[in-house]
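Take a look at the structure below.
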Amino acid sequence: MLEHSTPGPRNEALAGDLLEEFRQGRSVGWYWRQTLAAIAIACIREILNHRAMLLFAVLWSMLAPGWDFLIEKVEHNPSLFGPMWTLAWPWSTLAALGLSLLIGAVFIWAGMLVYLVLHGSLVRGISLRRLRMSIALSLTGFIAVSAAMFALTLLLPVTGHAIIGLGLNSSLAPDAPKYEGKKNRYWTYHYVRQVDPQTGKPVVVRSPVQIDTSDFYPYASPAPATPTPLSEIKDTSTRAIVARLPYLLSMIYALWGLSSLPNRYRRTRT
Amino acid sequence: MPDRTYLGEFELMILLAVLHLGDEAYGVPISRELERHRGRDVSVGSVYAALERLEGKGLVASSLGDPTPERGGKAKRYFRITKEGLRQVHETRRVLTQLWQKLPELKGEPI
């Protein structure tokens, strides 16, 4: 447990010492206290060893809401990305998700670059393989955290209903809806097939759907918007913290391996 | 310019224990030595953390012994004080002794 639960370099001598003491008559309680204390100390030491990276990740992620705000203007520009949204489902949704992930990843990669430049000594000592791995970790970490946030935002409250609002060309609109943009409120139309009650013949009805880009996740959903845990947050500063979370966690995940132990701990022991 | 790396209380105790134990200075005896003098339990993990800090500062050096069955096949890690470590111990002792000597007689001190 001690060997596998402690971050950083393994300390087999410590495990051996505890075992030796236990076999010489120490109690089970003593053994567990020592083991848990050793794990806690190792964790704290790892955090302290990475304190510069953690501080940088916190500071960099503070820029995330600003980045989101900046990108939102571009992302919802009909002339730039309008055609993408008129793709047939599920390609429209996949393209929108891919774009969001790419934009987020660019922010994280920029942060990694700044961190590496600030840590000049780290750049000199880093291998290309570790850098590639770190970039891959940042992407997988961001996808994982974003997926968790997405689930928390859309899927948790009413499974099924929220999925209807997923993407502009959802299952309700297989006929490629028109897209119109106006300021920060956009309208799109779902074409729904219905049976005309008077004639009894099938007709296509144009049903407007409003997208409010001030929503945390601006996916189309039938008005009024479905209440979700994150969309319920009204306080601006709390929303900013929530918006930072995927970036912060992904950056820590990616940079942890890069910001290795300080030189004094790298000493080869004989 | 003098070295400004001061020893903490726990670090000083560990260095003194390592000095006292000589060739037998590894985790278990060091912890026992500290427990005996402090009169309370010592976390072996914190002893190792302090020893690694001291090793990072170049005040102690370590070497691995042979693995033994009673330790689950895990080797002992022996520590010895370096020249710099010894210098710092003497320096700390000198400063502390001077400070104690300059103190007026303390009233109500524990017996």
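By convention here, the chains of the structure tokens are called A, B, ... in the order presented, each chain's residues are numbered starting at 1, and ligands are numbered starting at 1 in the order presented.
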Per-residue nearest contacts of chain B to chain A (10 Å; only C-alpha atoms) as CSV:
```
residue,atom,partner,partner_atom,distance
B:Tyr26,CA,A:Asp17,CA,8.5
B:Gly27,CA,A:Asp17,CA,6.2
B:Val28,CA,A:Asp17,CA,5.7
B:Pro29,CA,A:Asp17,CA,9.4
B:Ser31,CA,A:Asp17,CA,9.9
B:Arg32,CA,A:Glu21,CA,9.9
B:Asp41,CA,A:Trp30,CA,9.4
B:Val42,CA,A:Gln34,CA,8.8
B:Ser43,CA,A:Gln34,CA,5.9
B:Val44,CA,A:Gln34,CA,6.7
B:Gly45,CA,A:Ala38,CA,4.3
B:Ser46,CA,A:Ile41,CA,6.7
B:Val47,CA,A:Leu14,CA,9.5
B:Tyr48,CA,A:Leu14,CA,7.3
B:Ala49,CA,A:Ile41,CA,7.5
B:Glu52,CA,A:Tyr265,CA,7.7
B:Arg53,CA,A:Tyr265,CA,8.2
B:Leu54,CA,A:Arg264,CA,9.8
B:Glu55,CA,A:Arg264,CA,8.2
B:Gly56,CA,A:Arg264,CA,4.7
B:Lys57,CA,A:Arg264,CA,7.2
B:Gly58,CA,A:Arg264,CA,8.8
B:Ala61,CA,A:Arg269,CA,8.2
B:Ser62,CA,A:Arg269,CA,6.8
B:Ser63,CA,A:Thr270,CA,5.3
B:Leu64,CA,A:Thr270,CA,7.0
B:Gly65,CA,A:Ala13,CA,9.5
B:Pro67,CA,A:Gly16,CA,8.9
B:Thr68,CA,A:Gly16,CA,9.0
B:Pro69,CA,A:Glu20,CA,9.5
B:Glu70,CA,A:Glu20,CA,6.1
B:Arg71,CA,A:Gly16,CA,4.7
B:Gly72,CA,A:Gly16,CA,6.4
B:Gly73,CA,A:Gly16,CA,7.6
B:Lys74,CA,A:Gly16,CA,5.2
B:Ala75,CA,A:Ala13,CA,5.8
B:Lys76,CA,A:Ala13,CA,5.3
B:Arg77,CA,A:Ala13,CA,5.7
B:Tyr78,CA,A:Ala13,CA,9.3
```
For this session: Pull the alpha helix (DSSP H) assignments for chain B out of DSSP run on the backbone, and list those residues as a PyMOL selection string.
Result: chain B and resi 9-21+27-38+44-56+83-101
Exercise. Can you list, as a list in words, every protein, DNA or RNA residue that comes within 7 Å of region 85-90 of chain B when you count only C-alpha atoms, leaving out same-chain residues fewer than 3 positions away?
Worked result: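 That gives Leu59, Val60, Ile81, Thr82, Arg93 and Arg94 of chain B.
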Problem set entry | Residue nearest Met62 (chain A) among A:Tyr247, A:Gly257, A:Pro90, A:Ser27 (counting only C-alpha atoms) | A:Tyr247
Seminar exercise, completed: Atom pair CA of Leu63 (chain A) + CA of Leu128 (chain A), distance 27.4 Å
Can you tell me, as a PDB file with C-alpha atoms, in the first residue's frame, what residues are no more than 10 Å from region 131-136 of chain A when counting only C-alpha atoms, ignoring any on the same chain fewer than 4 positions away?
```pdb
ATOM      1  CA  ALA A 105      -6.544  22.809 -26.065  1.00  0.00           C
ATOM      2  CA  ILE A 108      -3.782  24.977 -22.486  1.00  0.00           C
ATOM      3  CA  TRP A 109      -0.909  24.470 -24.941  1.00  0.00           C
ATOM      4  CA  MET A 112       2.344  25.051 -21.285  1.00  0.00           C
ATOM      5  CA  VAL A 123      13.269  23.482 -21.259  1.00  0.00           C
ATOM      6  CA  ILE A 126      13.213  18.155 -21.146  1.00  0.00           C
ATOM      7  CA  SER A 127      13.053  15.359 -23.677  1.00  0.00           C
ATOM      8  CA  THR A 140      -7.015  13.650 -22.850  1.00  0.00           C
ATOM      9  CA  GLY A 141      -7.282  15.474 -19.525  1.00  0.00           C
ATOM     10  CA  PHE A 142      -9.205  18.322 -21.110  1.00  0.00           C
ATOM     11  CA  MET A 251      -3.002  22.047 -16.987  1.00  0.00           C
ATOM     12  CA  TYR A 253      -2.520  17.003 -15.212  1.00  0.00           C
ATOM     13  CA  ALA A 254      -0.291  17.851 -18.179  1.00  0.00           C
ATOM     14  CA  LEU A 255       2.361  19.864 -16.365  1.00  0.00           C
ATOM     15  CA  TRP A 256       2.772  17.483 -13.434  1.00  0.00           C
ATOM     16  CA  GLY A 257       5.046  15.209 -15.427  1.00  0.00           C
ATOM     17  CA  LEU A 258       6.937  18.099 -16.981  1.00  0.00           C
TER      18      LEU A 258
END
```
Exercise. Tell me, which residues of chain B carry DSSP strand (DSSP E or B), written as a PyMOL selection string?
Worked result: chain B and resi 60-68+74-81
Put those residues in a file: all heavy atoms, as a compact mmCIF listing (two decimals), in the first residue's frame.
```txt
# COMPACT_ATOMS: atom_id res chain seq x y z
N VAL B 60 23.85 15.18 4.67
CA VAL B 60 24.02 13.75 4.92
C VAL B 60 24.14 13.05 3.56
O VAL B 60 23.75 13.60 2.52
CB VAL B 60 22.84 13.11 5.71
CG1 VAL B 60 22.72 13.66 7.10
CG2 VAL B 60 21.53 13.23 4.95
N ALA B 61 24.69 11.84 3.59
CA ALA B 61 24.75 11.01 2.38
C ALA B 61 24.17 9.65 2.75
O ALA B 61 24.18 9.26 3.92
CB ALA B 61 26.19 10.87 1.92
N SER B 62 23.65 8.95 1.76
CA SER B 62 23.04 7.66 2.07
C SER B 62 23.58 6.56 1.18
O SER B 62 24.09 6.82 0.08
CB SER B 62 21.52 7.75 1.93
OG SER B 62 21.17 7.86 0.58
N SER B 63 23.47 5.34 1.68
CA SER B 63 23.87 4.18 0.87
C SER B 63 22.96 3.02 1.24
O SER B 63 22.46 2.94 2.37
CB SER B 63 25.33 3.82 1.15
OG SER B 63 25.49 3.57 2.52
N LEU B 64 22.71 2.15 0.28
CA LEU B 64 21.80 1.02 0.52
C LEU B 64 22.58 -0.20 1.02
O LEU B 64 23.65 -0.52 0.50
CB LEU B 64 21.05 0.66 -0.75
CG LEU B 64 19.96 1.64 -1.20
CD1 LEU B 64 19.33 1.17 -2.50
CD2 LEU B 64 18.89 1.79 -0.13
N GLY B 65 22.01 -0.86 2.02
CA GLY B 65 22.60 -2.10 2.52
C GLY B 65 22.04 -3.29 1.76
O GLY B 65 21.38 -3.12 0.73
N ASP B 66 22.26 -4.47 2.29
CA ASP B 66 21.73 -5.66 1.63
C ASP B 66 20.29 -5.91 2.09
O ASP B 66 19.95 -5.67 3.25
CB ASP B 66 22.59 -6.88 2.00
CG ASP B 66 23.98 -6.76 1.41
OD1 ASP B 66 24.09 -6.20 0.30
OD2 ASP B 66 24.95 -7.17 2.08
N PRO B 67 19.45 -6.44 1.18
CA PRO B 67 18.07 -6.76 1.58
C PRO B 67 18.07 -7.92 2.59
O PRO B 67 18.89 -8.83 2.48
CB PRO B 67 17.42 -7.20 0.27
CG PRO B 67 18.35 -6.83 -0.81
CD PRO B 67 19.71 -6.74 -0.22
N THR B 68 17.17 -7.85 3.56
CA THR B 68 17.10 -8.92 4.56
C THR B 68 15.67 -9.47 4.63
O THR B 68 14.72 -8.72 4.39
CB THR B 68 17.50 -8.40 5.96
OG1 THR B 68 16.71 -7.25 6.25
CG2 THR B 68 18.98 -8.06 6.03
N LYS B 74 13.57 -5.98 1.73
CA LYS B 74 13.89 -4.58 1.39
C LYS B 74 15.17 -4.15 2.10
O LYS B 74 15.37 -4.44 3.27
CB LYS B 74 12.72 -3.68 1.79
CG LYS B 74 11.47 -4.01 0.99
CD LYS B 74 10.32 -3.15 1.36
CE LYS B 74 8.99 -3.68 0.87
NZ LYS B 74 8.98 -4.17 -0.51
N ALA B 75 15.98 -3.44 1.36
CA ALA B 75 17.30 -3.05 1.89
C ALA B 75 17.18 -1.90 2.89
O ALA B 75 16.25 -1.10 2.82
CB ALA B 75 18.21 -2.64 0.74
N LYS B 76 18.14 -1.85 3.81
CA LYS B 76 18.22 -0.70 4.72
C LYS B 76 18.92 0.45 3.99
O LYS B 76 19.78 0.20 3.15
CB LYS B 76 19.06 -1.06 5.96
CG LYS B 76 18.39 -2.05 6.89
CD LYS B 76 19.35 -2.46 7.99
CE LYS B 76 18.73 -3.53 8.86
NZ LYS B 76 19.69 -4.11 9.81
N ARG B 77 18.53 1.65 4.35
CA ARG B 77 19.21 2.81 3.77
C ARG B 77 19.99 3.50 4.89
O ARG B 77 19.39 4.08 5.80
CB ARG B 77 18.18 3.76 3.16
CG ARG B 77 18.79 4.85 2.33
CD ARG B 77 17.70 5.49 1.49
NE ARG B 77 18.01 6.87 1.20
CZ ARG B 77 17.10 7.76 0.81
NH1 ARG B 77 15.85 7.38 0.71
NH2 ARG B 77 17.44 8.99 0.53
N TYR B 78 21.30 3.37 4.82
CA TYR B 78 22.15 3.93 5.88
C TYR B 78 22.50 5.39 5.56
O TYR B 78 22.74 5.73 4.41
CB TYR B 78 23.45 3.11 5.97
CG TYR B 78 23.23 1.72 6.53
CD1 TYR B 78 23.18 0.62 5.68
CD2 TYR B 78 23.09 1.51 7.89
CE1 TYR B 78 22.98 -0.66 6.17
CE2 TYR B 78 22.90 0.23 8.40
CZ TYR B 78 22.84 -0.85 7.54
OH TYR B 78 22.64 -2.10 8.04
N PHE B 79 22.52 6.16 6.62
CA PHE B 79 22.86 7.58 6.46
C PHE B 79 24.14 7.90 7.24
O PHE B 79 24.38 7.33 8.31
CB PHE B 79 21.73 8.47 6.97
CG PHE B 79 20.49 8.37 6.13
CD1 PHE B 79 19.53 7.41 6.39
CD2 PHE B 79 20.29 9.23 5.06
CE1 PHE B 79 18.39 7.30 5.60
CE2 PHE B 79 19.16 9.13 4.26
CZ PHE B 79 18.20 8.16 4.53
N ARG B 80 24.92 8.78 6.69
CA ARG B 80 26.09 9.27 7.42
C ARG B 80 26.19 10.77 7.18
O ARG B 80 25.74 11.28 6.14
CB ARG B 80 27.37 8.55 6.98
CG ARG B 80 27.73 8.77 5.54
CD ARG B 80 29.00 8.06 5.13
NE ARG B 80 29.13 8.14 3.68
CZ ARG B 80 29.51 9.22 3.02
NH1 ARG B 80 29.83 10.31 3.68
NH2 ARG B 80 29.59 9.22 1.69
N ILE B 81 26.76 11.43 8.17
CA ILE B 81 26.85 12.89 8.08
C ILE B 81 28.04 13.28 7.20
O ILE B 81 29.08 12.61 7.22
CB ILE B 81 26.94 13.51 9.49
CG1 ILE B 81 26.63 15.00 9.45
CG2 ILE B 81 28.28 13.24 10.14
CD1 ILE B 81 26.21 15.55 10.80
```
